[in-house]
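Peer 1: Sending over work_28.cif (mmCIF, C-alpha atoms and all ligand atoms).
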```
data_target
#
loop_
_atom_site.label_atom_id
_atom_site.label_comp_id
_atom_site.auth_asym_id
_atom_site.auth_seq_id
_atom_site.Cartn_x
_atom_site.Cartn_y
_atom_site.Cartn_z
CA MET A 1 278.81 275.17 -218.23
CA SER A 2 278.35 271.49 -219.05
CA ALA A 3 277.37 268.94 -216.43
CA PHE A 4 280.02 267.90 -213.89
CA GLY A 5 282.33 265.26 -215.34
CA SER A 6 281.02 265.27 -218.91
CA VAL A 7 284.04 266.96 -220.53
CA PHE A 8 287.28 264.99 -220.79
CA MET A 9 290.82 265.80 -221.76
CA PRO A 10 291.59 264.05 -225.08
CA GLU A 11 294.27 261.79 -223.59
CA MET A 12 294.67 259.65 -220.48
CA ALA A 13 297.40 257.67 -218.73
CA ILE A 14 296.98 253.87 -218.91
CA SER A 15 298.74 250.70 -217.76
CA TRP A 16 297.75 247.03 -218.20
CA PHE A 17 298.45 244.06 -215.91
CA ASP A 18 298.85 240.90 -217.97
CA GLY A 19 298.71 238.41 -215.10
CA SER A 20 302.36 238.75 -214.19
CA GLN A 21 303.45 242.33 -214.71
CA TRP A 22 302.32 245.88 -215.36
CA SER A 23 303.05 247.46 -218.74
CA ASN A 24 304.90 250.76 -218.79
CA ALA A 25 302.36 253.54 -218.39
CA GLU A 26 301.41 255.19 -221.67
CA VAL A 27 299.48 258.24 -222.69
CA VAL A 28 296.73 257.27 -225.14
CA SER A 29 293.58 258.76 -226.59
CA SER A 30 290.79 258.91 -224.00
CA ASP A 31 287.98 258.30 -226.46
CA SER A 32 287.89 254.51 -226.01
CA ILE A 33 289.51 251.43 -224.50
CA GLN A 34 289.38 248.01 -226.04
CA LEU A 35 287.86 245.32 -223.83
CA HIS A 36 286.64 241.82 -224.54
CA PRO A 37 282.81 241.72 -224.16
CA GLY A 38 283.38 238.93 -221.66
CA ALA A 39 285.71 241.08 -219.54
CA HIS A 40 285.31 240.40 -215.81
CA VAL A 41 284.42 244.03 -215.02
CA LEU A 42 281.45 244.03 -217.43
CA HIS A 43 279.85 241.01 -215.74
CA TYR A 44 281.05 240.84 -212.15
CA SER A 45 281.78 244.54 -211.43
CA SER A 46 285.47 244.21 -210.63
CA SER A 47 285.75 247.97 -210.84
CA CYS A 48 286.89 250.72 -208.53
CA PHE A 49 287.77 254.37 -208.95
CA GLU A 50 288.94 257.53 -207.23
CA GLY A 51 288.11 261.21 -207.44
CA LEU A 52 290.61 263.93 -206.59
CA LYS A 53 291.39 267.39 -207.90
CA ALA A 54 294.22 269.57 -209.15
CA PHE A 55 294.00 273.32 -208.50
CA ARG A 56 295.54 276.31 -210.25
CA HIS A 57 297.14 278.81 -207.86
CA GLU A 58 297.37 282.53 -208.45
CA ASP A 59 301.08 282.23 -209.37
CA GLY A 60 300.06 279.90 -212.21
CA SER A 61 301.34 276.70 -210.58
CA VAL A 62 299.15 273.58 -210.35
CA LYS A 63 298.83 271.49 -207.16
CA ILE A 64 297.15 268.15 -206.52
CA PHE A 65 295.18 267.78 -203.28
CA ARG A 66 295.85 264.82 -200.94
CA MET A 67 296.88 262.47 -203.73
CA ASP A 68 298.47 259.98 -201.29
CA ARG A 69 295.12 259.39 -199.59
CA ASN A 70 293.30 258.72 -202.83
CA ILE A 71 296.01 256.37 -204.05
CA ALA A 72 295.94 254.44 -200.77
CA ARG A 73 292.14 254.19 -201.00
CA LEU A 74 292.29 252.83 -204.56
CA GLN A 75 294.82 250.24 -203.37
CA GLN A 76 292.44 249.24 -200.59
CA SER A 77 289.48 249.08 -202.98
CA SER A 78 291.52 246.96 -205.40
CA ASP A 79 292.56 244.65 -202.59
CA ILE A 80 288.99 244.10 -201.37
CA LEU A 81 287.85 243.42 -204.95
CA ALA A 82 290.77 240.99 -205.41
CA LEU A 83 292.09 243.02 -208.34
CA PRO A 84 295.85 242.85 -209.06
CA GLU A 85 298.08 244.94 -206.81
CA PHE A 86 299.82 248.05 -208.06
CA ALA A 87 302.56 250.15 -206.47
CA PRO A 88 301.51 253.56 -205.15
CA GLU A 89 304.48 255.14 -206.99
CA GLN A 90 303.18 253.74 -210.26
CA LEU A 91 299.81 255.45 -209.96
CA GLU A 92 301.36 258.60 -208.55
CA GLN A 93 303.58 258.87 -211.62
CA MET A 94 300.61 258.33 -213.94
CA ILE A 95 298.60 261.04 -212.20
CA VAL A 96 301.44 263.56 -212.12
CA ASP A 97 302.37 262.85 -215.76
CA ILE A 98 298.87 263.28 -217.14
CA VAL A 99 298.11 266.37 -215.06
CA THR A 100 301.45 267.87 -216.16
CA ARG A 101 300.56 267.16 -219.78
CA PHE A 102 297.30 269.10 -219.42
CA ALA A 103 298.50 271.62 -216.83
CA ASP A 104 297.58 274.54 -219.08
CA GLN A 105 293.99 273.24 -219.17
CA VAL A 106 293.52 273.30 -215.40
CA PRO A 107 290.78 275.90 -214.87
CA GLU A 108 291.36 278.90 -212.65
CA ALA A 109 289.51 279.20 -209.33
CA PRO A 110 286.68 278.49 -208.71
CA GLY A 111 287.21 275.69 -211.25
CA SER A 112 289.61 272.75 -210.98
CA MET A 113 290.76 269.62 -212.81
CA TYR A 114 288.93 266.53 -211.59
CA ILE A 115 291.13 263.42 -211.72
CA ARG A 116 289.51 260.00 -212.07
CA PRO A 117 291.88 257.01 -211.57
CA THR A 118 290.06 253.78 -212.44
CA HIS A 119 291.01 250.10 -212.01
CA ILE A 120 289.05 247.34 -213.77
CA GLY A 121 289.28 243.55 -214.16
CA THR A 122 289.80 242.74 -217.84
CA GLU A 123 290.08 238.96 -217.97
CA PRO A 124 287.69 237.54 -220.58
CA ALA A 125 286.25 234.78 -218.39
CA ILE A 126 282.51 234.68 -217.74
CA GLY A 127 283.01 231.47 -215.79
CA LYS A 128 284.80 233.49 -213.10
CA ALA A 129 281.77 234.76 -211.18
CA ALA A 130 283.38 233.70 -207.91
CA VAL A 131 287.02 234.00 -208.97
CA PRO A 132 289.14 237.15 -209.32
CA SER A 133 290.23 238.59 -212.66
CA LEU A 134 293.90 237.78 -213.25
CA THR A 135 294.38 240.72 -215.59
CA SER A 136 293.42 244.35 -215.17
CA CYS A 137 293.70 247.87 -216.51
CA LEU A 138 294.52 251.02 -214.57
CA TYR A 139 293.89 254.40 -216.18
CA VAL A 140 293.64 258.06 -215.21
CA LEU A 141 291.05 260.31 -216.86
CA LEU A 142 290.93 264.08 -216.49
CA SER A 143 287.84 266.27 -216.54
CA PRO A 144 287.97 270.06 -216.07
CA VAL A 145 285.18 271.24 -213.79
CA GLY A 146 283.72 274.64 -213.01
CA ASP A 147 282.30 275.97 -209.80
CA TYR A 148 279.94 273.35 -208.42
CA PHE A 149 277.95 276.13 -206.81
CA THR A 150 277.18 278.41 -209.74
CA GLY A 151 273.51 278.77 -210.48
CA GLY A 152 272.52 279.37 -206.89
CA ASP A 153 273.82 277.83 -203.74
CA LYS A 154 270.77 276.15 -202.32
CA ALA A 155 270.57 273.98 -199.19
CA LEU A 156 269.79 270.35 -200.03
CA ARG A 157 266.76 268.25 -199.15
CA LEU A 158 267.68 264.80 -197.79
CA LEU A 159 265.37 261.85 -197.37
CA LEU A 160 266.29 259.88 -194.23
CA ASP A 161 266.11 256.18 -195.04
CA ASP A 162 266.33 253.94 -191.97
CA GLU A 163 265.20 250.80 -193.79
CA GLY A 164 267.42 250.43 -196.85
CA MET A 165 271.18 250.48 -197.22
CA ARG A 166 273.49 252.20 -199.68
CA CYS A 167 275.42 249.00 -200.26
CA SER A 168 276.29 245.74 -198.61
CA PRO A 169 278.06 246.57 -195.29
CA HIS A 170 281.27 244.73 -196.18
CA MET A 171 281.59 246.87 -199.34
CA GLY A 172 281.23 250.21 -197.59
CA VAL A 173 284.84 251.36 -197.83
CA VAL A 174 285.20 250.34 -201.49
CA LYS A 175 284.71 253.05 -204.13
CA SER A 176 283.23 250.53 -206.52
CA GLY A 177 280.69 250.82 -209.33
CA GLY A 178 278.36 248.21 -207.87
CA ASN A 179 277.73 250.32 -204.77
CA TYR A 180 276.40 253.21 -206.88
CA ALA A 181 274.19 250.88 -208.88
CA SER A 182 272.89 249.56 -205.55
CA ALA A 183 271.95 253.06 -204.32
CA LEU A 184 270.34 254.23 -207.54
CA GLN A 185 266.75 253.00 -207.06
CA PRO A 186 266.33 254.45 -203.56
CA ILE A 187 267.69 257.81 -204.80
CA MET A 188 265.43 257.86 -207.87
CA LYS A 189 262.44 257.04 -205.69
CA ALA A 190 263.32 259.79 -203.20
CA ARG A 191 263.58 262.32 -206.02
CA ALA A 192 260.28 261.33 -207.56
CA GLU A 193 258.26 260.96 -204.35
CA TYR A 194 259.73 263.65 -202.11
CA GLN A 195 261.66 265.99 -204.44
CA ALA A 196 264.66 265.05 -202.32
CA ASP A 197 268.14 265.78 -203.67
CA GLN A 198 269.76 262.81 -201.97
CA VAL A 199 269.07 259.92 -199.62
CA LEU A 200 270.83 259.89 -196.26
CA PHE A 201 271.16 256.19 -195.51
CA CYS A 202 270.58 255.42 -191.82
CA PRO A 203 270.47 251.62 -191.61
CA GLY A 204 268.74 250.58 -188.39
CA GLY A 205 268.54 254.25 -187.36
CA ASP A 206 272.34 254.79 -187.55
CA VAL A 207 273.08 257.97 -189.54
CA GLN A 208 275.65 256.93 -192.15
CA GLU A 209 276.16 258.75 -195.48
CA THR A 210 274.49 259.58 -198.80
CA GLY A 211 275.06 257.88 -202.15
CA ALA A 212 278.35 259.68 -202.77
CA ALA A 213 279.11 262.01 -199.87
CA ASN A 214 279.71 261.89 -196.11
CA PHE A 215 277.36 263.54 -193.62
CA LEU A 216 278.30 266.06 -190.91
CA LEU A 217 276.07 267.60 -188.26
CA ILE A 218 277.34 270.96 -186.99
CA ASP A 219 275.83 271.97 -183.68
CA GLY A 220 277.38 275.20 -182.43
CA ASP A 221 281.10 274.54 -182.16
CA GLU A 222 280.71 270.76 -182.25
CA ILE A 223 280.79 268.56 -185.36
CA ILE A 224 279.19 265.16 -185.03
CA THR A 225 279.79 262.46 -187.64
CA LYS A 226 279.85 258.70 -187.74
CA ALA A 227 283.10 257.15 -186.51
CA LEU A 228 285.07 255.28 -189.17
CA ASP A 229 284.11 251.64 -189.58
CA SER A 230 284.01 249.28 -192.55
CA THR A 231 280.43 250.08 -193.59
CA PHE A 232 280.88 253.46 -195.25
CA LEU A 233 283.29 255.37 -197.46
CA HIS A 234 286.07 257.20 -195.61
CA GLY A 235 286.05 260.53 -197.41
CA VAL A 236 289.23 262.54 -197.81
CA THR A 237 287.09 265.69 -197.64
CA ARG A 238 285.53 264.47 -194.39
CA ASP A 239 288.99 263.99 -192.90
CA SER A 240 290.17 267.38 -194.19
CA ILE A 241 287.14 269.25 -192.83
CA LEU A 242 287.44 267.55 -189.42
CA THR A 243 291.15 268.45 -189.31
CA LEU A 244 290.40 272.10 -190.13
CA ALA A 245 287.59 272.17 -187.58
CA ARG A 246 289.99 270.92 -184.88
CA ASP A 247 292.51 273.56 -185.98
CA MET A 248 289.80 276.21 -185.45
CA GLY A 249 289.18 274.94 -181.94
CA MET A 250 285.92 273.15 -182.70
CA THR A 251 285.01 269.89 -180.95
CA VAL A 252 284.94 266.91 -183.30
CA SER A 253 282.82 263.99 -182.13
CA GLU A 254 283.24 260.88 -184.24
CA ARG A 255 280.58 258.61 -182.87
CA GLN A 256 277.28 257.00 -183.57
CA LEU A 257 274.42 259.40 -184.32
CA THR A 258 270.85 258.14 -184.37
CA VAL A 259 268.04 259.53 -186.52
CA GLU A 260 266.27 260.47 -183.30
CA GLU A 261 269.19 262.56 -182.02
CA LEU A 262 269.72 264.05 -185.48
CA LEU A 263 266.14 265.34 -185.68
CA GLU A 264 266.16 266.53 -182.10
CA ARG A 265 269.39 268.49 -182.50
CA SER A 266 268.72 269.85 -185.96
CA ALA A 267 265.62 271.69 -184.80
CA ARG A 268 267.77 273.86 -182.52
CA PRO A 269 268.61 277.34 -183.75
CA GLY A 270 272.17 277.53 -185.06
CA CYS A 271 272.31 273.87 -185.97
CA GLU A 272 273.69 273.06 -189.43
CA ALA A 273 274.11 269.96 -191.54
CA ALA A 274 276.35 269.37 -194.55
CA LEU A 275 277.57 266.80 -197.04
CA SER A 276 281.29 266.46 -197.76
CA GLY A 277 282.96 265.11 -200.88
CA THR A 278 285.54 266.03 -203.50
CA ALA A 279 282.95 267.21 -206.01
CA ALA A 280 280.63 269.02 -203.59
CA VAL A 281 283.36 270.16 -201.14
CA LEU A 282 280.94 270.98 -198.30
CA THR A 283 277.30 271.43 -199.27
CA ALA A 284 274.66 272.66 -196.85
CA VAL A 285 271.63 270.54 -195.99
CA GLY A 286 268.48 272.55 -195.26
CA THR A 287 265.74 269.95 -194.87
CA PHE A 288 265.31 266.35 -193.72
CA ILE A 289 262.34 264.29 -194.84
CA TYR A 290 261.46 261.43 -192.52
CA LYS A 291 258.36 259.25 -192.49
CA GLY A 292 256.51 261.73 -194.71
CA LYS A 293 257.30 264.76 -192.52
CA GLU A 294 259.69 267.62 -193.27
CA TYR A 295 262.17 268.97 -190.72
CA GLU A 296 264.15 272.15 -191.27
CA VAL A 297 267.77 272.19 -190.14
CA GLY A 298 268.38 275.42 -188.19
CA ASN A 299 266.77 278.09 -190.35
CA GLY A 300 266.63 275.83 -193.41
CA GLY A 301 269.30 277.82 -195.25
CA ILE A 302 273.06 277.66 -195.63
CA GLY A 303 274.89 277.68 -192.31
CA GLU A 304 277.67 280.09 -191.42
CA THR A 305 280.01 277.42 -190.08
CA THR A 306 279.46 275.35 -193.21
CA LEU A 307 280.55 278.33 -195.30
CA LEU A 308 283.51 279.03 -193.02
CA LEU A 309 284.80 275.45 -193.20
CA ARG A 310 284.25 275.26 -196.94
CA ARG A 311 286.20 278.47 -197.44
CA ALA A 312 289.01 277.26 -195.16
CA LEU A 313 289.40 274.13 -197.27
CA ASN A 314 289.14 275.98 -200.60
CA ASP A 315 291.71 278.54 -199.43
CA ILE A 316 294.30 275.80 -198.92
CA GLN A 317 293.40 274.14 -202.21
CA TRP A 318 293.82 277.38 -204.16
CA GLY A 319 296.96 278.45 -202.29
CA ARG A 320 295.32 281.37 -200.48
CA ALA A 321 296.09 279.92 -197.04
CA GLU A 322 299.14 278.12 -195.72
CA ASP A 323 299.23 274.38 -196.45
CA LYS A 324 300.01 273.47 -192.82
CA HIS A 325 299.28 269.77 -193.21
CA SER A 326 301.25 269.32 -196.47
CA TRP A 327 298.17 268.31 -198.44
CA LEU A 328 299.34 269.72 -201.77
CA THR A 329 301.65 268.04 -204.30
CA SER A 330 303.46 270.15 -206.89
CA LEU A 331 303.83 268.88 -210.43
C1 LIG B 1 283.65 259.44 -202.90
C2 LIG B 1 282.66 259.25 -201.83
C3 LIG B 1 282.64 260.03 -200.68
C4 LIG B 1 283.50 261.26 -200.51
O1 LIG B 1 284.84 260.97 -200.51
P1 LIG B 1 285.91 262.12 -200.79
O2 LIG B 1 287.21 261.44 -200.64
O3 LIG B 1 285.67 263.17 -199.79
O4 LIG B 1 285.65 262.61 -202.18
C5 LIG B 1 281.75 259.71 -199.67
N1 LIG B 1 280.90 258.69 -199.80
C6 LIG B 1 280.87 257.92 -200.91
C7 LIG B 1 279.92 256.79 -200.98
C8 LIG B 1 281.75 258.19 -201.96
O5 LIG B 1 281.71 257.46 -203.06
#
```
Transcribe the structure of this file into C-alpha cells.
Ligand SMILES: *Cc1c(COP(=O)(O)O)cnc(C)c1O
Peer 2:
Amino acid sequence: MSAFGSVFMPEMAISWFDGSQWSNAEVVSSDSIQLHPGAHVLHYSSSCFEGLKAFRHEDGSVKIFRMDRNIARLQQSSDILALPEFAPEQLEQMIVDIVTRFADQVPEAPGSMYIRPTHIGTEPAIGKAAVPSLTSCLYVLLSPVGDYFTGGDKALRLLLDDEGMRCSPHMGVVKSGGNYASALQPIMKARAEYQADQVLFCPGGDVQETGAANFLLIDGDEIITKALDSTFLHGVTRDSILTLARDMGMTVSERQLTVEELLERSARPGCEAALSGTAAVLTAVGTFIYKGKEYEVGNGGIGETTLLLRRALNDIQWGRAEDKHSWLTSL
C-alpha cells in the first residue's frame, strides 16, 4: 500500500473566483493547476484545506462523514485568511459531484476515500504582503486510502514540548499550510533526538494538540481534553469521539490540563491517551517524553477504551451501527 495521500483520482472539482463571482464548478484533470508564479498563495500562504472521508457500506452505497462540519471549518479558515467567501452549498455540490463520479473507486472497509477541499489565493500581486488576495481557487481532490493501521498497530511516542508552539495562537483554528510549516522543525527534531512519533505542544504547560491531531486523556470512564478556544484546531473527530463517549455514559471533561497533571494521571494503571483526527481516527499513545525522561501511559500499550471508541466511530462510518446523530450524507 502506498503512503497515505499519495494516490489521487485523475480528476477533481474546481471553481475560480475572479474578484466578483465564482465560476461554475467544473471537473478537470487533477494532474496540475495553472497559477501565476506571483500568486498570493505561493508567497503569503493564503491557503487552507480540509480533510474528510467517504465510506463504502456493505450494501455498496457510499456515505460522506460530517461534511457540514468540514465545510463550515473551511469557511471559517477562509474568513480568517481574508480569502473570498463561498457558499456552503457550492462546496457541498462540488464534493458530492466528485465523490459520485468516483464512487466505484471508494475502497471497501477498512479503506475509505479521503477528500481534500482546498482554497488558495491566486492574485498575482507580490506587493500584497499585507493585503488579501482578491481572486482565489477552490478545488476538491480525492485520494483513496487503505487501513491506516495495517503493518502493526503500535502505541505512539509523544514528545511533550512546553516551550514551543505549533503555530501562532491567533491561527490555531485555521487549517492553513503555514501552521504545518511552522510545526515542522520541532517535529523533525523530536524524531531525530528522541525517536518520537509526534510532538504534543503544551505552550506554557497547557496540554494542547500535536501537529495534526487532537489529544485526549482517558482516565477510567473520564475523558479529559482541552476546552475549545481559538488557539487550536477544533477536530471533527474530537467532537465525534466526545459525543460517542457521552452516549456510552462516560464523563467528558473539556478543560485545561497541565503537563504536571497529565504525567501524574498517566502513570495510573488503566489510564490511556490517544490522538484523534480524520486520518488516524483514534490512535493510542503509549509513551510521553518530557525533559529527557520517558513516561509510560498505563501499560504503555493500546488501551481498551481507545479501541472501543475507535470501533464505535468506525461502525457508524461503515454503516455497521445506527447513525443516531445524522453524521452521514448519501450521494
Ligand atoms: C486536521 C487537524 C486536526 C484533526 O481534525 P479532524 O477534523 O478530526 O480531522 C487536529 N489538529 C490539527 C492541527 C489539524 O490540522
Peer 1: Once you count only C-alpha atoms and all ligand atoms, what closest atom pair and distance in Å to one decimal does each residue of chain A within 6 Å of ligand LIG 1 (chain B) have, with rows by chain and rising residue number, as CSV?
Peer 2:
```
residue,atom,partner,partner_atom,distance
A:Gly51,CA,B:LIG1,O4,6.0
A:Lys175,CA,B:LIG1,O5,5.4
A:Gly211,CA,B:LIG1,C7,5.1
A:Ala212,CA,B:LIG1,C6,3.6
A:Ala213,CA,B:LIG1,C5,3.5
A:Asn214,CA,B:LIG1,C5,4.6
A:Leu233,CA,B:LIG1,N1,4.7
A:Gly235,CA,B:LIG1,O1,3.4
A:Val236,CA,B:LIG1,O2,3.6
A:Thr237,CA,B:LIG1,O3,3.6
A:Arg238,CA,B:LIG1,O3,5.6
A:Ser276,CA,B:LIG1,O3,5.8
A:Gly277,CA,B:LIG1,O3,3.5
A:Thr278,CA,B:LIG1,O4,3.7
```
Peer 1: Please indicate the distance in Å from CA of Thr258 (chain A) to CA of Asp197 (chain A), rounded to one decimal place.
Peer 2: 20.9 Å
Peer 1: For region 84-95 of chain A, work out the shell of residues within 10 Å, counting only C-alpha atoms and skipping chain neighbours fewer than 5 positions away, then give it as a tab-separated table (two decimals) with C-alpha atoms, in the coordinates of the input.
Peer 2:
```tsv
chain	number	residue	atom	x	y	z
A	12	MET	CA	294.67	259.65	-220.48
A	13	ALA	CA	297.40	257.67	-218.73
A	14	ILE	CA	296.98	253.87	-218.91
A	15	SER	CA	298.74	250.70	-217.76
A	17	PHE	CA	298.45	244.06	-215.91
A	18	ASP	CA	298.85	240.90	-217.97
A	19	GLY	CA	298.71	238.41	-215.10
A	20	SER	CA	302.36	238.75	-214.19
A	21	GLN	CA	303.45	242.33	-214.71
A	22	TRP	CA	302.32	245.88	-215.36
A	24	ASN	CA	304.90	250.76	-218.79
A	25	ALA	CA	302.36	253.54	-218.39
A	26	GLU	CA	301.41	255.19	-221.67
A	27	VAL	CA	299.48	258.24	-222.69
A	64	ILE	CA	297.15	268.15	-206.52
A	67	MET	CA	296.88	262.47	-203.73
A	68	ASP	CA	298.47	259.98	-201.29
A	70	ASN	CA	293.30	258.72	-202.83
A	71	ILE	CA	296.01	256.37	-204.05
A	72	ALA	CA	295.94	254.44	-200.77
A	74	LEU	CA	292.29	252.83	-204.56
A	75	GLN	CA	294.82	250.24	-203.37
A	76	GLN	CA	292.44	249.24	-200.59
A	78	SER	CA	291.52	246.96	-205.40
A	79	ASP	CA	292.56	244.65	-202.59
A	100	THR	CA	301.45	267.87	-216.16
A	101	ARG	CA	300.56	267.16	-219.78
A	115	ILE	CA	291.13	263.42	-211.72
A	116	ARG	CA	289.51	260.00	-212.07
A	117	PRO	CA	291.88	257.01	-211.57
A	119	HIS	CA	291.01	250.10	-212.01
A	120	ILE	CA	289.05	247.34	-213.77
A	121	GLY	CA	289.28	243.55	-214.16
A	132	PRO	CA	289.14	237.15	-209.32
A	133	SER	CA	290.23	238.59	-212.66
A	134	LEU	CA	293.90	237.78	-213.25
A	135	THR	CA	294.38	240.72	-215.59
A	136	SER	CA	293.42	244.35	-215.17
A	137	CYS	CA	293.70	247.87	-216.51
A	138	LEU	CA	294.52	251.02	-214.57
A	139	TYR	CA	293.89	254.40	-216.18
A	140	VAL	CA	293.64	258.06	-215.21
A	141	LEU	CA	291.05	260.31	-216.86
A	142	LEU	CA	290.93	264.08	-216.49
A	331	LEU	CA	303.83	268.88	-210.43
```
Peer 1: Check the smallest atom-to-atom distance from each of A:Ile302, A:Cys48, A:Leu200, A:Leu309 to Thr118 (chain A) using all atoms listed in the file, then report the winner.
Peer 2: A:Cys48
Peer 1: With all atoms listed in the file as the basis for distance, which of A:Ser6, A:Thr210, A:Ser330, A:Gln34 is at the shortest distance from Ala274 (chain A)?
Peer 2: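 Looking at the shortest contact to Ala274 (chain A), the residue is A:Thr210.
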Peer 1: Compile the contact shell of Cys167 (chain A) as a tab-separated table (two decimals) with C-alpha atoms, in the coordinates of the input: residues with an atom at most 12 Å away, counting all atoms listed in the file, same-chain residues fewer than 2 positions apart removed.
Peer 2:
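See part_4.tsv below for the written result:
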```tsv
chain	number	residue	atom	x	y	z
A	164	GLY	CA	267.42	250.43	-196.85
A	165	MET	CA	271.18	250.48	-197.22
A	169	PRO	CA	278.06	246.57	-195.29
A	170	HIS	CA	281.27	244.73	-196.18
A	171	MET	CA	281.59	246.87	-199.34
A	172	GLY	CA	281.23	250.21	-197.59
A	173	VAL	CA	284.84	251.36	-197.83
A	174	VAL	CA	285.20	250.34	-201.49
A	175	LYS	CA	284.71	253.05	-204.13
A	176	SER	CA	283.23	250.53	-206.52
A	177	GLY	CA	280.69	250.82	-209.33
A	178	GLY	CA	278.36	248.21	-207.87
A	179	ASN	CA	277.73	250.32	-204.77
A	180	TYR	CA	276.40	253.21	-206.88
A	181	ALA	CA	274.19	250.88	-208.88
A	182	SER	CA	272.89	249.56	-205.55
A	183	ALA	CA	271.95	253.06	-204.32
A	184	LEU	CA	270.34	254.23	-207.54
A	185	GLN	CA	266.75	253.00	-207.06
A	186	PRO	CA	266.33	254.45	-203.56
A	201	PHE	CA	271.16	256.19	-195.51
A	202	CYS	CA	270.58	255.42	-191.82
A	203	PRO	CA	270.47	251.62	-191.61
A	208	GLN	CA	275.65	256.93	-192.15
A	209	GLU	CA	276.16	258.75	-195.48
A	210	THR	CA	274.49	259.58	-198.80
A	211	GLY	CA	275.06	257.88	-202.15
A	212	ALA	CA	278.35	259.68	-202.77
A	230	SER	CA	284.01	249.28	-192.55
A	231	THR	CA	280.43	250.08	-193.59
A	232	PHE	CA	280.88	253.46	-195.25
A	233	LEU	CA	283.29	255.37	-197.46
```
Peer 1: Would you kindly return, as a list in words, each protein, DNA or RNA residue with an atom no farther than 7 Å from any atom of region 190-196 of chain A, considering all atoms listed in the file and excluding same-chain residues fewer than 4 positions away?
Peer 2: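 These residues fall inside the cut-off: Arg157, Leu158, Leu159 and Pro186 of chain A.
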Peer 1: Under the rule that only C-alpha atoms are counted, which of A:Ile218, A:Cys271, A:Leu257, A:Leu328 is the nearest residue to Ser61 (chain A)?
Peer 2: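 So, comparing all the options, the nearest one is A:Leu328.
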Peer 1: By how many Å are CA of Ile223 (chain A) and CA of Arg311 (chain A) apart?
Peer 2: 16.5 Å
Peer 1: Got a minute to add all heavy atoms to region 263-268 of chain A and dump it as a PDB file, keeping the file's coordinate frame?
Peer 2:
```pdb
ATOM      1  N   LEU A 263     267.326 264.484-185.532  1.00  0.00           N
ATOM      2  CA  LEU A 263     266.140 265.340-185.680  1.00  0.00           C
ATOM      3  C   LEU A 263     265.962 266.250-184.483  1.00  0.00           C
ATOM      4  O   LEU A 263     265.561 267.407-184.615  1.00  0.00           O
ATOM      5  CB  LEU A 263     264.887 264.477-185.905  1.00  0.00           C
ATOM      6  CG  LEU A 263     264.858 263.709-187.227  1.00  0.00           C
ATOM      7  CD1 LEU A 263     263.604 262.852-187.324  1.00  0.00           C
ATOM      8  CD2 LEU A 263     264.978 264.640-188.430  1.00  0.00           C
ATOM      9  N   GLU A 264     266.290 265.732-183.319  1.00  0.00           N
ATOM     10  CA  GLU A 264     266.160 266.530-182.100  1.00  0.00           C
ATOM     11  C   GLU A 264     267.132 267.708-182.119  1.00  0.00           C
ATOM     12  O   GLU A 264     266.756 268.855-181.905  1.00  0.00           O
ATOM     13  CB  GLU A 264     266.406 265.601-180.899  1.00  0.00           C
ATOM     14  CG  GLU A 264     266.072 266.212-179.550  1.00  0.00           C
ATOM     15  CD  GLU A 264     267.326 266.558-178.785  1.00  0.00           C
ATOM     16  OE1 GLU A 264     268.167 265.647-178.582  1.00  0.00           O
ATOM     17  OE2 GLU A 264     267.477 267.738-178.401  1.00  0.00           O
ATOM     18  N   ARG A 265     268.381 267.431-182.469  1.00  0.00           N
ATOM     19  CA  ARG A 265     269.390 268.490-182.500  1.00  0.00           C
ATOM     20  C   ARG A 265     269.174 269.489-183.638  1.00  0.00           C
ATOM     21  O   ARG A 265     269.402 270.678-183.480  1.00  0.00           O
ATOM     22  CB  ARG A 265     270.789 267.894-182.686  1.00  0.00           C
ATOM     23  CG  ARG A 265     271.414 267.396-181.412  1.00  0.00           C
ATOM     24  CD  ARG A 265     272.839 266.972-181.716  1.00  0.00           C
ATOM     25  NE  ARG A 265     273.462 266.385-180.548  1.00  0.00           N
ATOM     26  CZ  ARG A 265     274.293 267.037-179.736  1.00  0.00           C
ATOM     27  NH1 ARG A 265     274.602 268.293-179.965  1.00  0.00           N
ATOM     28  NH2 ARG A 265     274.825 266.433-178.706  1.00  0.00           N
ATOM     29  N   SER A 266     268.762 268.971-184.790  1.00  0.00           N
ATOM     30  CA  SER A 266     268.720 269.850-185.960  1.00  0.00           C
ATOM     31  C   SER A 266     267.629 270.898-185.870  1.00  0.00           C
ATOM     32  O   SER A 266     267.669 271.898-186.585  1.00  0.00           O
ATOM     33  CB  SER A 266     268.590 269.032-187.245  1.00  0.00           C
ATOM     34  OG  SER A 266     267.420 268.276-187.214  1.00  0.00           O
ATOM     35  N   ALA A 267     266.676 270.695-184.983  1.00  0.00           N
ATOM     36  CA  ALA A 267     265.620 271.690-184.800  1.00  0.00           C
ATOM     37  C   ALA A 267     266.122 272.913-184.033  1.00  0.00           C
ATOM     38  O   ALA A 267     265.519 273.979-184.067  1.00  0.00           O
ATOM     39  CB  ALA A 267     264.448 271.057-184.054  1.00  0.00           C
ATOM     40  N   ARG A 268     267.244 272.740-183.337  1.00  0.00           N
ATOM     41  CA  ARG A 268     267.770 273.860-182.520  1.00  0.00           C
ATOM     42  C   ARG A 268     268.273 274.990-183.408  1.00  0.00           C
ATOM     43  O   ARG A 268     268.880 274.743-184.444  1.00  0.00           O
ATOM     44  CB  ARG A 268     268.938 273.376-181.651  1.00  0.00           C
ATOM     45  CG  ARG A 268     268.540 272.287-180.682  1.00  0.00           C
ATOM     46  CD  ARG A 268     269.767 271.887-179.865  1.00  0.00           C
ATOM     47  NE  ARG A 268     269.490 270.649-179.141  1.00  0.00           N
ATOM     48  CZ  ARG A 268     270.423 269.953-178.498  1.00  0.00           C
ATOM     49  NH1 ARG A 268     271.686 270.365-178.493  1.00  0.00           N
ATOM     50  NH2 ARG A 268     270.117 268.844-177.853  1.00  0.00           N
TER      51      ARG A 268
END
```
